[in-house]
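Asker: Contents of start-v5.cif (mmCIF, C-alpha atoms and all ligand atoms) are given next:
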data_protein
#
loop_
_atom_site.label_atom_id
_atom_site.label_comp_id
_atom_site.auth_asym_id
_atom_site.auth_seq_id
_atom_site.Cartn_x
_atom_site.Cartn_y
_atom_site.Cartn_z
CA MET N 1 -145.17 -149.83 108.52
CA SER N 2 -141.69 -148.79 109.63
CA GLU N 3 -139.87 -150.78 112.28
CA VAL N 4 -138.52 -149.19 115.45
CA PHE N 5 -136.15 -150.82 117.93
CA ILE N 6 -136.00 -150.12 121.63
CA LEU N 7 -133.37 -151.35 124.08
CA ALA N 8 -135.12 -153.06 127.01
CA ASP N 9 -133.91 -151.86 130.43
CA PHE N 10 -133.54 -154.06 133.48
CA VAL N 11 -132.70 -153.29 137.10
CA GLY N 12 -130.89 -156.47 138.10
CA ASP N 13 -133.10 -159.24 136.70
CA LYS N 14 -136.30 -157.17 136.79
CA ILE N 15 -137.66 -155.22 133.88
CA ALA N 16 -137.58 -151.43 134.38
CA ARG N 17 -140.55 -149.14 133.81
CA THR N 18 -138.46 -147.22 131.26
CA THR N 19 -138.84 -150.16 128.84
CA SER N 20 -142.58 -149.45 128.65
CA GLU N 21 -141.87 -145.74 128.24
CA LEU N 22 -139.59 -146.42 125.25
CA ALA N 23 -142.20 -148.82 123.82
CA THR N 24 -144.85 -146.12 124.14
CA TYR N 25 -142.70 -143.67 122.20
CA GLY N 26 -141.81 -146.40 119.72
CA ALA N 27 -145.46 -147.18 118.96
CA ARG N 28 -145.89 -143.61 117.66
CA ILE N 29 -143.24 -144.32 115.04
CA GLY N 30 -143.90 -147.90 113.92
CA ASP N 31 -143.87 -151.58 114.76
CA VAL N 32 -141.90 -151.98 118.01
CA THR N 33 -139.14 -154.58 118.45
CA ALA N 34 -137.38 -154.77 121.81
CA ILE N 35 -133.72 -155.78 122.08
CA VAL N 36 -132.72 -157.77 125.17
CA LEU N 37 -129.00 -158.11 125.96
CA ALA N 38 -128.43 -160.92 128.45
CA ALA N 39 -125.77 -163.04 130.08
CA PRO N 40 -125.68 -166.65 128.79
CA GLY N 41 -128.78 -168.56 129.94
CA LYS N 42 -130.55 -165.43 131.25
CA GLY N 43 -132.23 -164.41 127.97
CA PRO N 44 -135.54 -166.33 128.33
CA ALA N 45 -136.23 -165.05 131.87
CA LEU N 46 -135.54 -161.45 130.85
CA ALA N 47 -137.43 -161.67 127.54
CA SER N 48 -140.52 -163.14 129.25
CA GLN N 49 -140.93 -159.84 131.13
CA VAL N 50 -141.01 -157.74 127.95
CA VAL N 51 -144.78 -157.73 127.58
CA ASN N 52 -145.70 -154.10 127.01
CA GLY N 53 -148.72 -154.02 124.70
CA THR N 54 -146.99 -152.05 121.98
CA ILE N 55 -144.11 -154.53 121.50
CA SER N 56 -144.55 -157.14 118.77
CA LYS N 57 -141.10 -158.81 118.76
CA VAL N 58 -138.23 -159.37 121.18
CA LEU N 59 -134.72 -159.99 119.84
CA VAL N 60 -132.67 -161.77 122.49
CA MET N 61 -128.88 -161.71 122.36
CA GLU N 62 -126.86 -163.62 124.93
CA SER N 63 -123.15 -163.16 125.58
CA GLU N 64 -120.81 -163.04 128.54
CA ASP N 65 -119.04 -160.24 126.67
CA PHE N 66 -121.78 -157.71 127.54
CA ASP N 67 -120.78 -157.80 131.19
CA ARG N 68 -117.09 -158.19 130.54
CA TYR N 69 -116.54 -155.59 127.82
CA GLY N 70 -119.45 -153.25 128.63
CA VAL N 71 -120.55 -150.65 126.14
CA SER N 72 -118.26 -151.65 123.27
CA ALA N 73 -119.54 -155.27 123.17
CA SER N 74 -123.17 -154.22 123.59
CA ALA N 75 -122.82 -151.57 120.88
CA GLU N 76 -121.40 -154.07 118.39
CA ALA N 77 -124.21 -156.54 118.98
CA ILE N 78 -126.87 -153.85 118.60
CA ALA N 79 -125.15 -152.38 115.52
CA HIS N 80 -125.21 -155.84 113.96
CA VAL N 81 -129.02 -156.20 114.22
CA LEU N 82 -129.50 -152.58 113.18
CA SER N 83 -127.47 -153.11 110.01
CA GLU N 84 -129.57 -156.20 109.17
CA HIS N 85 -133.03 -154.75 109.90
CA LYS N 86 -132.41 -151.06 109.15
CA PRO N 87 -135.17 -149.83 111.49
CA ALA N 88 -136.36 -146.24 111.31
CA ALA N 89 -135.16 -145.64 114.86
CA LEU N 90 -133.43 -147.06 117.90
CA LEU N 91 -134.66 -145.67 121.22
CA ILE N 92 -132.54 -145.97 124.38
CA THR N 93 -133.14 -144.57 127.86
CA THR N 94 -130.98 -141.56 128.74
CA SER N 95 -128.32 -142.55 131.30
CA ALA N 96 -124.54 -142.44 131.30
CA PHE N 97 -124.53 -145.99 129.89
CA GLY N 98 -127.39 -145.28 127.45
CA LYS N 99 -125.74 -142.17 126.00
CA GLU N 100 -122.35 -143.83 125.57
CA LEU N 101 -123.99 -146.88 124.01
CA ALA N 102 -126.08 -144.75 121.65
CA GLY N 103 -122.97 -142.82 120.55
CA CYS N 104 -121.05 -146.03 119.80
CA VAL N 105 -123.98 -147.56 117.86
CA ALA N 106 -124.35 -144.33 115.87
CA VAL N 107 -120.67 -144.46 114.87
CA LEU N 108 -120.79 -148.17 113.99
CA THR N 109 -123.92 -147.79 111.84
CA ASP N 110 -123.12 -144.35 110.39
CA SER N 111 -126.36 -143.02 111.86
CA GLY N 112 -127.35 -139.71 113.40
CA LEU N 113 -127.69 -139.33 117.15
CA ILE N 114 -129.87 -137.21 119.44
CA THR N 115 -129.38 -137.53 123.21
CA ASP N 116 -131.48 -136.66 126.24
CA ALA N 117 -134.71 -135.97 124.35
CA VAL N 118 -137.92 -135.43 126.33
CA ASP N 119 -140.24 -136.23 123.43
CA VAL N 120 -140.25 -137.77 119.97
CA THR N 121 -143.02 -137.55 117.36
CA ALA N 122 -144.23 -140.06 114.77
CA GLU N 123 -142.13 -138.09 112.23
CA LEU N 124 -139.03 -138.70 114.39
CA VAL N 125 -138.71 -135.09 115.49
CA ALA N 126 -137.09 -135.12 118.92
CA THR N 127 -137.42 -132.38 121.54
CA GLN N 128 -134.53 -131.48 123.83
CA ILE N 129 -134.66 -128.95 126.67
CA ILE N 130 -131.33 -127.09 126.92
CA PHE N 131 -129.56 -124.11 128.53
CA GLY N 132 -130.97 -124.91 131.95
CA GLY N 133 -134.46 -125.36 130.54
CA SER N 134 -134.71 -121.94 128.88
CA THR N 135 -134.73 -123.29 125.31
CA SER N 136 -136.48 -126.16 123.50
CA VAL N 137 -134.76 -127.64 120.47
CA HIS N 138 -136.53 -129.74 117.84
CA SER N 139 -134.26 -131.88 115.71
CA ARG N 140 -134.38 -134.78 113.32
CA VAL N 141 -131.69 -137.25 112.27
CA SER N 142 -130.82 -136.88 108.60
CA HIS N 143 -128.77 -140.05 108.02
CA GLY N 144 -129.22 -143.72 108.90
CA SER N 145 -131.47 -144.94 111.70
CA SER N 146 -132.54 -142.22 114.14
CA ILE N 147 -130.70 -143.10 117.34
CA ILE N 148 -132.38 -141.23 120.17
CA THR N 149 -131.94 -141.41 123.93
CA LEU N 150 -135.05 -140.41 125.88
CA ARG N 151 -135.27 -139.10 129.41
CA SER N 152 -137.11 -141.39 131.80
CA ASN N 153 -140.50 -140.29 133.17
CA SER N 154 -141.11 -138.06 130.15
CA VAL N 155 -144.11 -140.06 128.91
CA THR N 156 -146.93 -142.00 130.57
CA PRO N 157 -146.28 -145.61 129.58
CA ASP N 158 -148.93 -147.64 127.78
CA ALA N 159 -150.33 -150.03 130.38
CA THR N 160 -151.58 -152.83 128.10
CA THR N 161 -149.79 -156.17 127.76
CA SER N 162 -149.02 -158.48 124.85
CA SER N 163 -147.22 -161.74 124.05
CA PRO N 164 -144.50 -160.69 121.63
CA GLU N 165 -142.68 -163.17 119.43
CA ILE N 166 -139.30 -164.03 120.97
CA ILE N 167 -136.40 -164.47 118.54
CA ASN N 168 -132.91 -165.57 119.58
CA VAL N 169 -130.21 -163.81 117.60
CA PRO N 170 -126.60 -165.04 117.42
CA THR N 171 -124.31 -162.47 119.01
CA VAL N 172 -121.34 -161.05 117.14
CA VAL N 173 -118.62 -159.36 119.23
CA SER N 174 -115.28 -158.81 117.49
CA GLU N 175 -111.79 -158.60 119.03
CA ARG N 176 -111.91 -154.84 118.37
CA ALA N 177 -114.65 -154.49 120.99
CA LYS N 178 -112.53 -156.23 123.60
CA HIS N 179 -109.78 -153.66 124.09
CA ALA N 180 -110.96 -152.64 127.56
CA GLU N 181 -112.21 -155.15 130.10
CA VAL N 182 -114.30 -154.56 133.22
CA ILE N 183 -112.26 -156.06 136.08
CA THR N 184 -114.55 -155.48 139.07
CA ARG N 185 -117.88 -153.83 139.80
CA GLN N 186 -119.05 -152.21 143.00
CA PRO N 187 -122.84 -152.62 143.10
CA PRO N 188 -124.74 -149.69 144.62
CA VAL N 189 -125.66 -150.13 148.26
CA ALA N 190 -129.33 -151.10 148.27
CA GLU N 191 -131.21 -148.79 150.65
CA GLY N 192 -134.68 -149.76 149.54
CA ARG N 193 -135.45 -146.48 147.80
CA PRO N 194 -136.26 -146.17 144.08
CA GLU N 195 -133.48 -145.33 141.63
CA LEU N 196 -133.18 -141.52 141.34
CA THR N 197 -133.68 -141.28 137.57
CA GLU N 198 -136.65 -143.66 137.58
CA ALA N 199 -138.45 -142.42 140.70
CA GLN N 200 -141.97 -141.03 140.42
CA ILE N 201 -141.34 -138.87 143.50
CA ILE N 202 -138.06 -137.25 144.60
CA VAL N 203 -137.43 -135.33 147.82
CA SER N 204 -134.19 -133.34 147.56
CA GLY N 205 -132.17 -131.53 150.17
CA GLY N 206 -129.72 -128.66 149.78
CA ARG N 207 -127.46 -126.47 151.88
CA GLY N 208 -130.51 -125.59 153.97
CA THR N 209 -130.36 -129.07 155.55
CA ASN N 210 -127.08 -128.01 157.14
CA GLY N 211 -125.94 -131.62 156.70
CA ASP N 212 -128.91 -133.25 158.42
CA PHE N 213 -130.82 -135.20 155.76
CA SER N 214 -132.94 -137.14 158.27
CA PRO N 215 -136.18 -135.10 157.80
CA VAL N 216 -135.69 -135.32 154.01
CA GLU N 217 -135.20 -139.10 154.19
CA THR N 218 -138.12 -139.64 156.55
CA PHE N 219 -140.47 -137.70 154.28
CA ALA N 220 -139.10 -139.51 151.20
CA ASP N 221 -139.63 -142.93 152.78
CA LEU N 222 -143.21 -142.10 153.73
CA LEU N 223 -143.92 -141.18 150.11
CA GLY N 224 -141.95 -144.12 148.64
CA ALA N 225 -139.68 -141.50 147.06
CA ALA N 226 -136.02 -141.30 146.06
CA VAL N 227 -133.72 -138.83 147.81
CA GLY N 228 -131.82 -136.22 145.78
CA ALA N 229 -129.34 -133.50 146.73
CA SER N 230 -128.01 -130.20 145.44
CA ARG N 231 -124.34 -129.85 144.63
CA ALA N 232 -123.82 -127.71 147.72
CA ALA N 233 -124.91 -130.73 149.76
CA THR N 234 -122.86 -133.28 147.82
CA ASP N 235 -119.74 -131.07 147.70
CA ALA N 236 -119.99 -130.66 151.47
CA GLY N 237 -119.93 -134.46 151.78
CA TRP N 238 -123.43 -134.51 153.31
CA TYR N 239 -124.81 -136.82 150.63
CA PRO N 240 -123.08 -138.99 147.99
CA HIS N 241 -122.37 -137.39 144.61
CA SER N 242 -124.39 -140.11 142.88
CA TYR N 243 -127.54 -138.46 144.31
CA GLN N 244 -126.75 -135.01 142.92
CA VAL N 245 -129.45 -133.49 140.73
CA GLY N 246 -128.49 -130.91 138.14
CA GLN N 247 -126.24 -129.97 135.27
CA THR N 248 -123.30 -131.98 136.58
CA GLY N 249 -125.47 -134.56 138.34
CA LYS N 250 -128.53 -136.55 137.31
CA THR N 251 -131.34 -135.24 135.16
CA VAL N 252 -134.71 -136.20 136.60
CA SER N 253 -138.30 -135.71 135.55
CA PRO N 254 -140.51 -137.21 138.27
CA GLN N 255 -144.23 -136.67 138.78
CA LEU N 256 -143.39 -134.83 142.02
CA TYR N 257 -140.14 -133.06 143.03
CA VAL N 258 -139.89 -131.62 146.55
CA ALA N 259 -136.97 -129.19 146.91
CA CYS N 260 -136.02 -128.59 150.56
CA GLY N 261 -133.51 -125.87 151.44
CA ILE N 262 -132.41 -125.47 147.82
CA SER N 263 -132.10 -121.96 146.36
CA GLY N 264 -132.74 -122.83 142.69
CA ALA N 265 -129.43 -122.08 140.96
CA ILE N 266 -129.64 -122.54 137.19
CA GLN N 267 -127.37 -125.59 137.38
CA HIS N 268 -129.78 -127.29 139.79
CA ARG N 269 -132.84 -126.32 137.76
CA ALA N 270 -131.27 -127.84 134.65
CA GLY N 271 -131.66 -131.26 136.22
CA MET N 272 -135.19 -131.05 137.60
CA GLN N 273 -137.33 -128.40 135.99
CA THR N 274 -139.20 -130.80 133.70
CA SER N 275 -140.66 -132.42 136.84
CA LYS N 276 -144.46 -132.48 136.54
CA THR N 277 -145.21 -130.91 139.93
CA ILE N 278 -142.63 -128.99 141.97
CA VAL N 279 -143.04 -128.31 145.67
CA VAL N 280 -140.60 -125.96 147.40
CA ILE N 281 -139.78 -125.60 151.08
CA ASN N 282 -137.45 -122.66 151.74
CA LYS N 283 -137.24 -120.09 154.48
CA ASP N 284 -136.33 -117.28 152.06
CA PRO N 285 -139.45 -116.07 150.21
CA ASP N 286 -137.18 -114.56 147.53
CA ALA N 287 -135.35 -117.81 146.74
CA PRO N 288 -135.36 -118.20 142.92
CA ILE N 289 -136.64 -121.79 143.18
CA PHE N 290 -140.09 -120.37 144.03
CA GLU N 291 -140.32 -119.26 140.35
CA LEU N 292 -140.65 -122.94 139.42
CA ALA N 293 -142.92 -123.96 142.26
CA ASP N 294 -146.43 -125.28 141.78
CA PHE N 295 -146.75 -125.22 145.57
CA GLY N 296 -144.40 -123.38 147.90
CA VAL N 297 -144.00 -123.24 151.65
CA VAL N 298 -141.99 -120.38 153.12
CA GLY N 299 -140.60 -121.88 156.28
CA ASP N 300 -137.87 -123.81 158.04
CA LEU N 301 -137.55 -127.32 156.60
CA PHE N 302 -136.87 -128.68 160.10
CA THR N 303 -140.37 -127.51 161.09
CA VAL N 304 -142.23 -128.04 157.82
CA LEU N 305 -140.97 -131.53 156.88
CA PRO N 306 -141.81 -133.20 160.25
CA GLN N 307 -145.30 -131.67 160.02
CA ALA N 308 -145.69 -132.86 156.44
CA SER N 309 -144.49 -136.33 157.47
CA GLU N 310 -147.01 -136.38 160.29
CA GLY N 311 -149.73 -135.40 157.84
CA VAL N 312 -148.81 -138.26 155.49
CA ARG N 313 -148.74 -140.73 158.42
CA ALA N 314 -152.16 -139.57 159.59
CA HIS N 315 -153.51 -139.87 156.06
CA LYS N 316 -152.16 -143.42 155.74
CA SER N 317 -153.58 -144.70 159.03
C1 LIG N 401 -120.31 -125.69 136.37
C2 LIG N 401 -121.24 -125.81 137.54
C3 LIG N 401 -122.03 -126.94 137.62
C4 LIG N 401 -122.92 -127.09 138.68
N1 LIG N 401 -123.72 -128.21 138.75
C5 LIG N 401 -124.64 -128.29 139.73
C6 LIG N 401 -125.54 -129.40 139.79
O1 LIG N 401 -125.48 -130.34 138.99
N2 LIG N 401 -126.46 -129.42 140.77
C7 LIG N 401 -126.60 -128.42 141.69
O2 LIG N 401 -127.47 -128.50 142.58
N3 LIG N 401 -125.74 -127.36 141.66
C8 LIG N 401 -124.78 -127.29 140.72
N4 LIG N 401 -123.92 -126.25 140.73
C9 LIG N 401 -123.89 -125.35 141.91
C10 LIG N 401 -124.97 -124.29 141.89
O3 LIG N 401 -124.51 -123.17 141.19
C11 LIG N 401 -125.35 -123.89 143.33
O4 LIG N 401 -124.18 -123.46 143.99
C12 LIG N 401 -125.99 -125.00 144.14
O5 LIG N 401 -127.06 -125.58 143.40
C13 LIG N 401 -126.51 -124.41 145.45
O6 LIG N 401 -127.04 -125.44 146.22
P1 LIG N 401 -128.17 -125.10 147.29
O7 LIG N 401 -129.35 -124.54 146.60
O8 LIG N 401 -128.35 -126.32 148.13
O9 LIG N 401 -127.44 -124.04 148.22
P2 LIG N 401 -127.69 -122.49 148.38
O10 LIG N 401 -127.66 -121.78 147.08
O11 LIG N 401 -126.75 -122.00 149.43
O12 LIG N 401 -129.18 -122.38 148.91
C14 LIG N 401 -129.58 -122.87 150.16
C15 LIG N 401 -131.05 -122.49 150.33
O13 LIG N 401 -131.53 -123.07 151.50
C16 LIG N 401 -132.39 -122.16 152.14
N5 LIG N 401 -132.39 -122.52 153.57
C17 LIG N 401 -131.38 -122.41 154.46
N6 LIG N 401 -131.74 -122.94 155.64
C18 LIG N 401 -133.01 -123.40 155.48
C19 LIG N 401 -133.92 -124.07 156.34
N7 LIG N 401 -133.58 -124.39 157.60
N8 LIG N 401 -135.15 -124.37 155.86
C20 LIG N 401 -135.52 -124.06 154.60
N9 LIG N 401 -134.68 -123.43 153.74
C21 LIG N 401 -133.44 -123.12 154.15
C22 LIG N 401 -131.81 -120.80 151.84
O14 LIG N 401 -132.80 -119.81 151.94
C23 LIG N 401 -131.30 -120.99 150.43
O15 LIG N 401 -132.29 -120.62 149.48
C24 LIG N 401 -123.01 -126.08 139.68
C25 LIG N 401 -122.21 -124.97 139.57
C26 LIG N 401 -121.33 -124.82 138.52
C27 LIG N 401 -120.50 -123.58 138.42
#
What would you get if you wrote out this structure as C-alpha cells?
Answerer:
Amino acid sequence: MSEVFILADFVGDKIARTTSELATYGARIGDVTAIVLAAPGKGPALASQVVNGTISKVLVMESEDFDRYGVSASAEAIAHVLSEHKPAALLITTSAFGKELAGCVAVLTDSGLITDAVDVTAELVATQIIFGGSTSVHSRVSHGSSIITLRSNSVTPDATTSSPEIINVPTVVSERAKHAEVITRQPPVAEGRPELTEAQIIVSGGRGTNGDFSPVETFADLLGAAVGASRAATDAGWYPHSYQVGQTGKTVSPQLYVACGISGAIQHRAGMQTSKTIVVINKDPDAPIFELADFGVVGDLFTVLPQASEGVRAHKS
C-alpha cells in the first residue's frame, strides 16, 4: 500500500480540525503518516493529539529553527523525510503558509505541486475551482511525490480515533535555510470567534453595512460563526483586511455562508462560492449574489439581521 504524508495543523497548542480533513483525504490514497513540526520539548504534547482514525504513524520533528526561520526551515525538515520515505503524496492545508511551504518542499524534492485543491482522488487526481468558480480543473502530478494543498472544509473529516505509532525524527536544517530570520511576531487579537478559513459558519458584511458591522457580529456570535467582509468594506476601513473574503482575500468553504449587503462581484464569489449553503440578505432583488443563494431574503440587513438574531435567541432558550 502506498504511503501518504500529511502535515498536522495546530492552532496554538491545539490540534486543528484540518488535520482530520487531510487525514481523511490521505486515507483514500494510502497509509497515512502525519508530520508534526514542534518547538523543542513540545513534540509529545502535540503528537498525542494526532489521533484521527486514519493515521497510522506520527513523525515528530523538534527544532527551534521552525519558529525562527519559518517556511525555509520547515520545508527543509519536511523535504528530508520525504526524500527518505518517498511517499506517494504530501497533503498540506491551503493557507498562505501552507502554499509557500508546499512550493519550497516541491523545489527541494523535485516534485510536482498543485495548490488550493478542493478534492483529491485515490488516483491522486486533484480538483481545483478557478476563474471565480466558473471552471473546474483536474490535474495530476507527473514527477516525484504529489504535493497538494487542500482547501479547508472541503471534506467531512473521518470521526474515528486511533493510537498511531509516534516516531521522533532528528531534524536537519542547513545554514542555507537560515538566510532570513523572523525577528518579531504580532499574534492576532483573540476575539473568541473561529478562524475565518476554518469556520463552519461565516457571516459576512459588505458595503451595505455602511460601516456598522454590529448586526453582522451579533448574528455571527449567536451562531458561533466567524465574521467576514467584502473588499468594499475592508478598503473603507470598516473591517480589517485579514477578514476579507475573495480573490485577493481569504478563500473559504464553510457549511453556511451568510452574505449581508454584498452584491456578489466575481472577485468576492471566487472566495466563497464553494460554501455548502449560501444565504443572502440584500435589499436589491437584482443583486447578482442571489444567483448563488440557496436561501435569499430581499430586505434591509438592519431589519432582517436583528429579527434573525431574535429568532436564534428564541430557538436557543
Ligand atoms: C483585482 C480585484 C480584486 C478584488 N478582490 C476582491 C476580494 O477579494 N473580495 C471582494 O469582496 N471584492 C474584491 N474586489 C472588489 C469587487 O470587485 C467588488 O467591488 C466588491 O466585492 C464589492 O463589495 P460589496 O459587494 O460589499 O459592495 P457593493 O458592490 O457596493 O454592493 C453592496 C450591496 O449591498 C446592498 N445593500 C446596500 N444597503 C443595504 C442594506 N441596508 N441592506 C441590505 N443590502 C444592502 C446593495 O444592494 C448592494 O448589492 C476586487 C476587485 C478587483 C478589481
Asker: If you take all atoms listed in the file and a cut-off of 7 Å, which residues of chain N touch ligand LIG 401 (chain N), and what are their nearest atom pairs and distances in Å to one decimal, in chain and number order, as CSV?
Answerer:
residue,atom,partner,partner_atom,distance
N:Gly205,CA,N:LIG401,O8,6.8
N:Gly206,CA,N:LIG401,O8,3.2
N:Arg207,CA,N:LIG401,O8,3.9
N:Gly208,CA,N:LIG401,C17,3.3
N:Thr209,CA,N:LIG401,N7,6.0
N:Ala229,CA,N:LIG401,O2,6.8
N:Ser230,CA,N:LIG401,O2,3.4
N:Arg231,CA,N:LIG401,C7,4.0
N:Ala232,CA,N:LIG401,O6,4.2
N:Ala233,CA,N:LIG401,O8,5.8
N:Gln244,CA,N:LIG401,N2,6.0
N:Val245,CA,N:LIG401,N2,5.1
N:Gly246,CA,N:LIG401,O1,3.2
N:Gln247,CA,N:LIG401,O1,3.8
N:Thr248,CA,N:LIG401,O1,3.6
N:Gly249,CA,N:LIG401,O1,4.3
N:Cys260,CA,N:LIG401,C20,6.1
N:Gly261,CA,N:LIG401,O13,3.4
N:Ile262,CA,N:LIG401,O7,3.4
N:Ser263,CA,N:LIG401,O15,3.4
N:Gly264,CA,N:LIG401,O7,5.5
N:Ala265,CA,N:LIG401,O5,4.9
N:Ile266,CA,N:LIG401,O3,6.5
N:Gln267,CA,N:LIG401,C5,4.5
N:His268,CA,N:LIG401,O2,3.8
N:Gly271,CA,N:LIG401,O1,6.8
N:Ile281,CA,N:LIG401,C20,5.7
N:Asn282,CA,N:LIG401,N9,3.5
N:Lys283,CA,N:LIG401,N9,4.3
N:Asp284,CA,N:LIG401,O14,4.3
N:Ala287,CA,N:LIG401,O15,5.0
N:Gly299,CA,N:LIG401,C20,5.8
N:Asp300,CA,N:LIG401,N8,3.5
N:Leu301,CA,N:LIG401,N8,3.9
N:Phe302,CA,N:LIG401,N7,6.0
Asker: Could you take the residues named above and write them with C-alpha atoms, as a PDB file, keeping the file's coordinate frame?
Answerer:
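again-v3.pdb written:
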ATOM      1  CA  GLY N 205    -132.170-131.530 150.170  1.00  0.00           C
ATOM      2  CA  GLY N 206    -129.720-128.660 149.780  1.00  0.00           C
ATOM      3  CA  ARG N 207    -127.460-126.470 151.880  1.00  0.00           C
ATOM      4  CA  GLY N 208    -130.510-125.590 153.970  1.00  0.00           C
ATOM      5  CA  THR N 209    -130.360-129.070 155.550  1.00  0.00           C
ATOM      6  CA  ALA N 229    -129.340-133.500 146.730  1.00  0.00           C
ATOM      7  CA  SER N 230    -128.010-130.200 145.440  1.00  0.00           C
ATOM      8  CA  ARG N 231    -124.340-129.850 144.630  1.00  0.00           C
ATOM      9  CA  ALA N 232    -123.820-127.710 147.720  1.00  0.00           C
ATOM     10  CA  ALA N 233    -124.910-130.730 149.760  1.00  0.00           C
ATOM     11  CA  GLN N 244    -126.750-135.010 142.920  1.00  0.00           C
ATOM     12  CA  VAL N 245    -129.450-133.490 140.730  1.00  0.00           C
ATOM     13  CA  GLY N 246    -128.490-130.910 138.140  1.00  0.00           C
ATOM     14  CA  GLN N 247    -126.240-129.970 135.270  1.00  0.00           C
ATOM     15  CA  THR N 248    -123.300-131.980 136.580  1.00  0.00           C
ATOM     16  CA  GLY N 249    -125.470-134.560 138.340  1.00  0.00           C
ATOM     17  CA  CYS N 260    -136.020-128.590 150.560  1.00  0.00           C
ATOM     18  CA  GLY N 261    -133.510-125.870 151.440  1.00  0.00           C
ATOM     19  CA  ILE N 262    -132.410-125.470 147.820  1.00  0.00           C
ATOM     20  CA  SER N 263    -132.100-121.960 146.360  1.00  0.00           C
ATOM     21  CA  GLY N 264    -132.740-122.830 142.690  1.00  0.00           C
ATOM     22  CA  ALA N 265    -129.430-122.080 140.960  1.00  0.00           C
ATOM     23  CA  ILE N 266    -129.640-122.540 137.190  1.00  0.00           C
ATOM     24  CA  GLN N 267    -127.370-125.590 137.380  1.00  0.00           C
ATOM     25  CA  HIS N 268    -129.780-127.290 139.790  1.00  0.00           C
ATOM     26  CA  GLY N 271    -131.660-131.260 136.220  1.00  0.00           C
ATOM     27  CA  ILE N 281    -139.780-125.600 151.080  1.00  0.00           C
ATOM     28  CA  ASN N 282    -137.450-122.660 151.740  1.00  0.00           C
ATOM     29  CA  LYS N 283    -137.240-120.090 154.480  1.00  0.00           C
ATOM     30  CA  ASP N 284    -136.330-117.280 152.060  1.00  0.00           C
ATOM     31  CA  ALA N 287    -135.350-117.810 146.740  1.00  0.00           C
ATOM     32  CA  GLY N 299    -140.600-121.880 156.280  1.00  0.00           C
ATOM     33  CA  ASP N 300    -137.870-123.810 158.040  1.00  0.00           C
ATOM     34  CA  LEU N 301    -137.550-127.320 156.600  1.00  0.00           C
ATOM     35  CA  PHE N 302    -136.870-128.680 160.100  1.00  0.00           C
TER      36      PHE N 302
END
Asker: Quick one: which stretch 42-70 of chain N residues come within 12 Å of stretch 85-109 of chain N, and what is the nearest atom pair for each with the distance in Å to one decimal, counting only C-alpha atoms, rows ordered by chain and ascending number, as a tab-separated table?
Answerer:
residue	atom	partner	partner_atom	distance
N:Leu59	CA	N:His85	CA	11.4
N:Phe66	CA	N:Leu101	CA	11.6
N:Gly70	CA	N:Phe97	CA	8.9
Asker: Quick check, in Å to one decimal: how far apart do atom CA of N:Ile278 and atom CA of N:Arg17 lie?
Answerer: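 According to the coordinates, atom CA of N:Ile278 and atom CA of N:Arg17 are separated by 21.8 Å.
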Asker: For each of N:Ser63, N:Ser309, N:Gln49, N:Ser72, take the minimum atom-to-atom distance to N:Glu181, counting all atoms listed in the file, then give the residue where this is smallest.
Answerer: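 Going through N:Ser63, N:Ser309, N:Gln49, N:Ser72 one by one, the smallest distance to N:Glu181 is for N:Ser72.
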Asker: Counting only C-alpha atoms, which residues sit no farther than 9 Å from the position (-132.4, -143.7, 142.8) in the file's frame? I'd like them as a PDB file with C-alpha atoms, in the frame of the given file.
Answerer:
ATOM      1  CA  ARG N 193    -135.450-146.480 147.800  1.00  0.00           C
ATOM      2  CA  PRO N 194    -136.260-146.170 144.080  1.00  0.00           C
ATOM      3  CA  GLU N 195    -133.480-145.330 141.630  1.00  0.00           C
ATOM      4  CA  LEU N 196    -133.180-141.520 141.340  1.00  0.00           C
ATOM      5  CA  THR N 197    -133.680-141.280 137.570  1.00  0.00           C
ATOM      6  CA  GLU N 198    -136.650-143.660 137.580  1.00  0.00           C
ATOM      7  CA  ALA N 199    -138.450-142.420 140.700  1.00  0.00           C
ATOM      8  CA  ILE N 202    -138.060-137.250 144.600  1.00  0.00           C
ATOM      9  CA  ALA N 225    -139.680-141.500 147.060  1.00  0.00           C
ATOM     10  CA  ALA N 226    -136.020-141.300 146.060  1.00  0.00           C
ATOM     11  CA  VAL N 227    -133.720-138.830 147.810  1.00  0.00           C
ATOM     12  CA  GLY N 228    -131.820-136.220 145.780  1.00  0.00           C
ATOM     13  CA  SER N 242    -124.390-140.110 142.880  1.00  0.00           C
ATOM     14  CA  TYR N 243    -127.540-138.460 144.310  1.00  0.00           C
TER      15      TYR N 243
END
Asker: To one decimal place in Å, what is the distance between atom CA of N:Ile114 and atom CA of N:Leu82?
Answerer: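 One can read the atom CA of N:Ile114 to atom CA of N:Leu82 distance as 16.6 Å.
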Asker: Nearest to N:Ile6 among N:Gly112, N:Gly26, N:Pro40, N:Pro240, with distances taken over all atoms listed in the file: which residue is it?
Answerer: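 Ranking N:Gly112, N:Gly26, N:Pro40, N:Pro240 by distance to N:Ile6, first place goes to N:Gly26.
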Asker: Separation of atom CA of N:Ser204 and atom CA of N:Val216, in Å?
Answerer: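 Rounded to one decimal, the two atoms are 6.9 Å apart.
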Asker: From (-139.9, -139.9, 138.7), in the file's coordinates, out to 6 Å: which residues are reached, counting only C-alpha atoms? Answer as a list in words.
Answerer: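 All residues meeting the 6 Å criterion around (-139.9, -139.9, 138.7) are Asn153, Glu198, Ala199, Gln200, Ile201, Ser253, Pro254 and Gln255 of chain N.
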Asker: Name all residues at most 12 Å from stretch 133-138 of chain N (count all atoms listed in the file; drop same-chain ones fewer than 4 positions away) and give them as a PyMOL selection string.
Answerer: chain N and resi 114-121+123-129+246-247+251+266-275+292
Asker: So which one's closest to N:Leu223, N:Glu310, N:Tyr239, N:Thr156, N:Glu84? Using only C-alpha atoms, please.
Answerer: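 Among the listed residues, N:Glu310 lies closest to N:Leu223.
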Asker: Could you tell me which of N:His315, N:Lys14, N:Lys276, N:Lys178 comes closest to N:Ser74 if we count all atoms listed in the file?
Answerer: N:Lys178
Asker: Pick the closest to N:Ile29 from N:Gln307, N:Gln186, N:Ser2, N:Ser145: which is it, counting all atoms listed in the file?
Answerer: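 Among N:Gln307, N:Gln186, N:Ser2, N:Ser145, it is N:Ser2 that comes nearest to N:Ile29.
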Asker: Report the centre and edge lengths, in Å to one decimal, of an axis-aligned box enclosing every atom of stretch 300-313 of chain N listed in the file, padded by 6 Å on each side, as lines of an AutoDock Vina configuration file.
Answerer:
center_x = -143.3
center_y = -132.3
center_z = 158.3
size_x = 24.9
size_y = 28.9
size_z = 17.6
